[in-house]
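Visitor: Sending over a structure as structure tokens; questions will come in a sec.
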Amino acid sequence: LRTKLPAVGTTVFTRMSALAAEHGAVNLGQGFPDFACDPRLLDLVADAMRAGHNQYPMMAGVPALREAIAAKVAALYGHAYDPLAEITITSGASQAVQTAILCCVHPGDEVIVIEPAYDCYLPNIALAGGVAVPVSMALGDDGYSVPWPALAAAVTPRTRLIIINSPHNPTGAILREADLHALADIVRGTDILVLSDEVYEHMVFDGVRHESVCRHPELAARSFVISSFGKTYHVTGWKVGYVAAPKPMMMEFRKVHQYNVFTVNTPMQHGIASYMADPAPYRELPAFYQRKRDLFREGLSGSRFTLLPADGTYFQCVRYDAISALDEAAFSEWLTSEIKVAAIPVSAFYSEPKESGIVRFCFAKKDETLQLALERLSSL
Ligand code: PMP
Ligand code: GLN
């Protein structure tokens, strides 16, 4: 078999969750909540099933859900997408990312990826025959940031797509308005498209607003904006997300979408559409996760871990150089097997080996789960 993905093994999330299970460790590795979603959401999905919403929906998704998304985006970010022509429901953000890349990246096209990067971007670029051009984030006392001059220098006539992700997995960094202006300056006058992975859009802390690219008309006009209900409604296993993009881009997206999944499961789309009528669940999410972030940070403040800033997402990155000289993968394995708390090495999010002495913890957990992990971690 001639492999198309020679460098790809099993994802770090799968491996670390398996190791956590093997050692009975508290799993702060893979990002998912260990608490239940709102029972009302379950009732709404069950109602949709009983009401007979069990056959294929429209190819691009249940209209009521697309309308609810358009209304939310307009209310929060002031951009009016046409729900029928410019929004498509996807099987999680993962399928949206893959389909967006496949529909616009031709063999030999370059795609700029900011590293550390969520793990699904690079393999999908490779499957499209594209060439990933990594640009490393800068790491200073204020945490991680995007070095825009370096990114501008990475642009060539072959650049087809730039992938951004804010709030950012794994670092928890967020892009600010000035960042989006810098991005707009780089792409102005080119035919470069933008893939904006905003799955953590409702997890931005300390009263700061989420800087969706669709707040910026110039960027919205060339961007695929991607989000996921798995993160927002605590149902990562449902795999329902969406992509919003201007009509000509969405037409290309749907050409691929209709042949890789065709449609996404119907009753969950109806259930989520009804649930979205109430904005409270996503409006309350920043405060909900900020409290957990603060509990986790407070618990580690007396330990020998050094906390990096955590402005968004449900991840906290820490330095461990005062505890161990192991590399990130070895330290994460040791933490899982010996201390019984699983973490993810940030080195796993780079295309080339890079050690920063930093691991990522997920704090989307019940308070008692976090307390148990903190007892173990603060003894180090
Ligand atoms: N992008 C990022 C940055 C993510 O963290 C995740 C989930 N881990 C995804 C995309 C994929 O989301 P989904 O589970 O909805 O496919
Ligand atoms: N996005 C999740 C994380 O970063 C994991 C999703 C997955 O396992 N692929 O932990």
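In the structure tokens, chains take the letters A, B, ... in the order shown, each chain's residues start at 1, and ligands count up from 1 in the order shown.
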At a cut-off of 6 Å and counting only C-alpha atoms and all ligand atoms, what residues surround ligand 1? Please answer as a count of residues only.
Guide: 12
Visitor: List as a VMD selection string the protein and nucleic acid residues near range 288-294 of chain A, meaning an atom at most 12 Å away when only C-alpha atoms are counted, but skip any in the same chain fewer than 3 places from it.
Guide: chain A and resid 33 172 200 202 to 208 231 to 234 280 to 285 297 to 301 307 to 317 361 to 371
Visitor: Generate a file of the selected residues that holds N, CA and C atoms, formatted as a tab-separated table (two decimals), in the first residue's frame.
Guide:
chain	number	residue	atom	x	y	z
A	33	PRO	N	-15.77	17.71	27.76
A	33	PRO	CA	-16.32	17.85	29.11
A	33	PRO	C	-16.61	16.48	29.74
A	172	GLY	N	-4.58	28.58	24.08
A	172	GLY	CA	-5.54	29.43	24.80
A	172	GLY	C	-5.39	30.90	24.43
A	200	TYR	N	-14.00	27.57	19.49
A	200	TYR	CA	-14.08	28.01	20.90
A	200	TYR	C	-14.60	29.45	21.00
A	202	HIS	N	-17.20	30.84	21.94
A	202	HIS	CA	-17.94	31.26	23.14
A	202	HIS	C	-17.13	31.04	24.42
A	203	MET	N	-15.84	30.84	24.28
A	203	MET	CA	-14.99	30.67	25.47
A	203	MET	C	-13.87	31.69	25.43
A	204	VAL	N	-14.24	32.95	25.65
A	204	VAL	CA	-13.28	34.05	25.73
A	204	VAL	C	-13.53	34.73	27.07
A	205	PHE	N	-12.44	34.97	27.82
A	205	PHE	CA	-12.60	35.35	29.23
A	205	PHE	C	-12.27	36.82	29.51
A	206	ASP	N	-12.52	37.20	30.76
A	206	ASP	CA	-12.13	38.52	31.29
A	206	ASP	C	-12.79	39.67	30.54
A	207	GLY	N	-14.01	39.41	30.06
A	207	GLY	CA	-14.79	40.49	29.43
A	207	GLY	C	-14.31	40.87	28.03
A	208	VAL	N	-13.34	40.15	27.50
A	208	VAL	CA	-12.83	40.46	26.16
A	208	VAL	C	-13.80	39.87	25.13
A	231	LYS	N	-18.52	21.88	21.24
A	231	LYS	CA	-17.85	22.68	22.27
A	231	LYS	C	-18.87	23.54	23.01
A	232	THR	N	-19.75	24.19	22.24
A	232	THR	CA	-20.63	25.20	22.83
A	232	THR	C	-21.67	24.59	23.75
A	233	TYR	N	-22.19	23.40	23.38
A	233	TYR	CA	-23.28	22.80	24.15
A	233	TYR	C	-22.86	21.54	24.92
A	234	HIS	N	-21.55	21.33	25.07
A	234	HIS	CA	-21.03	20.21	25.87
A	234	HIS	C	-21.44	18.85	25.30
A	280	ALA	N	-29.21	32.25	26.13
A	280	ALA	CA	-28.55	32.18	27.44
A	280	ALA	C	-27.42	31.14	27.48
A	281	PRO	N	-27.62	29.91	26.96
A	281	PRO	CA	-26.54	28.93	27.11
A	281	PRO	C	-25.20	29.39	26.52
A	282	TYR	N	-25.18	30.00	25.34
A	282	TYR	CA	-23.87	30.43	24.85
A	282	TYR	C	-23.43	31.76	25.43
A	283	ARG	N	-24.39	32.59	25.84
A	283	ARG	CA	-24.00	33.86	26.47
A	283	ARG	C	-23.39	33.62	27.85
A	284	GLU	N	-23.84	32.54	28.51
A	284	GLU	CA	-23.33	32.26	29.86
A	284	GLU	C	-22.04	31.44	29.85
A	285	LEU	N	-21.64	30.98	28.67
A	285	LEU	CA	-20.49	30.08	28.61
A	285	LEU	C	-19.16	30.71	29.04
A	297	ARG	N	-6.39	27.50	37.85
A	297	ARG	CA	-5.18	28.32	37.98
A	297	ARG	C	-4.85	28.56	39.45
A	298	GLU	N	-5.88	28.85	40.23
A	298	GLU	CA	-5.69	29.09	41.67
A	298	GLU	C	-5.08	27.84	42.32
A	299	GLY	N	-5.61	26.68	41.93
A	299	GLY	CA	-5.12	25.41	42.49
A	299	GLY	C	-3.66	25.14	42.15
A	300	LEU	N	-3.21	25.66	41.02
A	300	LEU	CA	-1.81	25.40	40.62
A	300	LEU	C	-0.88	26.53	41.04
A	301	SER	N	-1.46	27.61	41.60
A	301	SER	CA	-0.63	28.80	41.82
A	301	SER	C	0.49	28.55	42.83
A	307	LEU	N	2.23	28.96	35.13
A	307	LEU	CA	1.03	29.10	34.31
A	307	LEU	C	1.24	30.08	33.18
A	308	LEU	N	0.87	29.69	31.98
A	308	LEU	CA	0.85	30.64	30.86
A	308	LEU	C	-0.50	31.34	30.84
A	309	PRO	N	-0.61	32.50	30.18
A	309	PRO	CA	-1.92	33.14	30.11
A	309	PRO	C	-2.94	32.20	29.47
A	310	ALA	N	-4.21	32.30	29.88
A	310	ALA	CA	-5.27	31.47	29.30
A	310	ALA	C	-6.45	32.39	29.03
A	311	ASP	N	-6.46	32.99	27.86
A	311	ASP	CA	-7.46	34.02	27.53
A	311	ASP	C	-8.73	33.44	26.94
A	312	GLY	N	-8.65	32.21	26.42
A	312	GLY	CA	-9.82	31.58	25.80
A	312	GLY	C	-9.61	30.08	25.68
A	313	THR	N	-10.62	29.38	25.16
A	313	THR	CA	-10.68	27.89	25.07
A	313	THR	C	-10.87	27.28	26.45
A	314	TYR	N	-10.88	25.93	26.51
A	314	TYR	CA	-10.90	25.29	27.84
A	314	TYR	C	-9.58	24.60	28.13
A	315	PHE	N	-8.49	25.24	27.66
A	315	PHE	CA	-7.16	24.68	27.88
A	315	PHE	C	-6.28	25.63	28.68
A	316	GLN	N	-5.45	25.04	29.53
A	316	GLN	CA	-4.45	25.79	30.29
A	316	GLN	C	-3.09	25.18	29.97
A	317	CYS	N	-2.17	25.99	29.45
A	317	CYS	CA	-0.81	25.52	29.21
A	317	CYS	C	0.08	25.90	30.38
A	361	PHE	N	-3.35	21.26	29.72
A	361	PHE	CA	-4.41	20.59	30.51
A	361	PHE	C	-5.76	21.11	30.02
A	362	CYS	N	-6.78	20.23	30.05
A	362	CYS	CA	-8.15	20.64	29.72
A	362	CYS	C	-8.92	20.82	31.03
A	363	PHE	N	-9.52	22.01	31.22
A	363	PHE	CA	-10.27	22.23	32.48
A	363	PHE	C	-11.79	22.18	32.27
A	364	ALA	N	-12.24	21.54	31.16
A	364	ALA	CA	-13.69	21.36	30.94
A	364	ALA	C	-14.15	20.15	31.74
A	365	LYS	N	-14.01	20.23	33.04
A	365	LYS	CA	-14.29	19.07	33.90
A	365	LYS	C	-15.11	19.51	35.10
A	366	LYS	N	-15.79	18.52	35.73
A	366	LYS	CA	-16.50	18.80	36.98
A	366	LYS	C	-15.51	19.36	37.99
A	367	ASP	N	-16.00	20.19	38.91
A	367	ASP	CA	-15.09	20.76	39.91
A	367	ASP	C	-14.38	19.66	40.68
A	368	GLU	N	-15.11	18.55	41.00
A	368	GLU	CA	-14.44	17.51	41.79
A	368	GLU	C	-13.33	16.82	40.99
A	369	THR	N	-13.51	16.73	39.67
A	369	THR	CA	-12.44	16.16	38.83
A	369	THR	C	-11.21	17.08	38.88
A	370	LEU	N	-11.49	18.39	38.77
A	370	LEU	CA	-10.37	19.35	38.81
A	370	LEU	C	-9.68	19.31	40.17
A	371	GLN	N	-10.48	19.20	41.25
A	371	GLN	CA	-9.89	19.16	42.61
A	371	GLN	C	-8.97	17.96	42.77
Visitor: Using only C-alpha atoms and all ligand atoms, what are the residues with an atom within 7 Å of ligand 2, set out as a JSON list (two decimals) with C-alpha atoms, in the first residue's frame?
Guide:
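So the final result, stored in part.json, reads:
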[["chain", "number", "residue", "atom", "x", "y", "z"],
["A", 13, "PHE", "CA", -5.57, 12.65, 21.88],
["A", 14, "THR", "CA", -6.44, 9.01, 21.27],
["A", 29, "GLY", "CA", -5.61, 15.43, 28.12],
["A", 30, "GLN", "CA", -8.13, 15.14, 25.30],
["A", 31, "GLY", "CA", -10.46, 18.13, 25.22],
["A", 32, "PHE", "CA", -14.01, 17.15, 26.16],
["A", 118, "TYR", "CA", -4.65, 21.74, 15.93],
["A", 169, "ASN", "CA", -5.98, 25.23, 20.60],
["A", 170, "PRO", "CA", -3.64, 24.37, 22.33]]
Visitor: I need the helix (DSSP H, G or I) residues of range 14-113 of chain A per DSSP on the backbone, written as a ChimeraX atom specification.
Guide: /A:14-23,39-50,63-77,83-86,92-104
Visitor: Given the choices A:Gly140, A:Pro116, A:Gly302, A:Pro123, which gets closest to Asn165 in chain A if the distance is worked out from only C-alpha atoms?
Guide: A:Pro116
Visitor: CA of Leu219 in chain A to CA of Arg188 in chain A: how many Å, to one decimal?
Guide: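 Rounded to one decimal, the two atoms are 8.9 Å apart.
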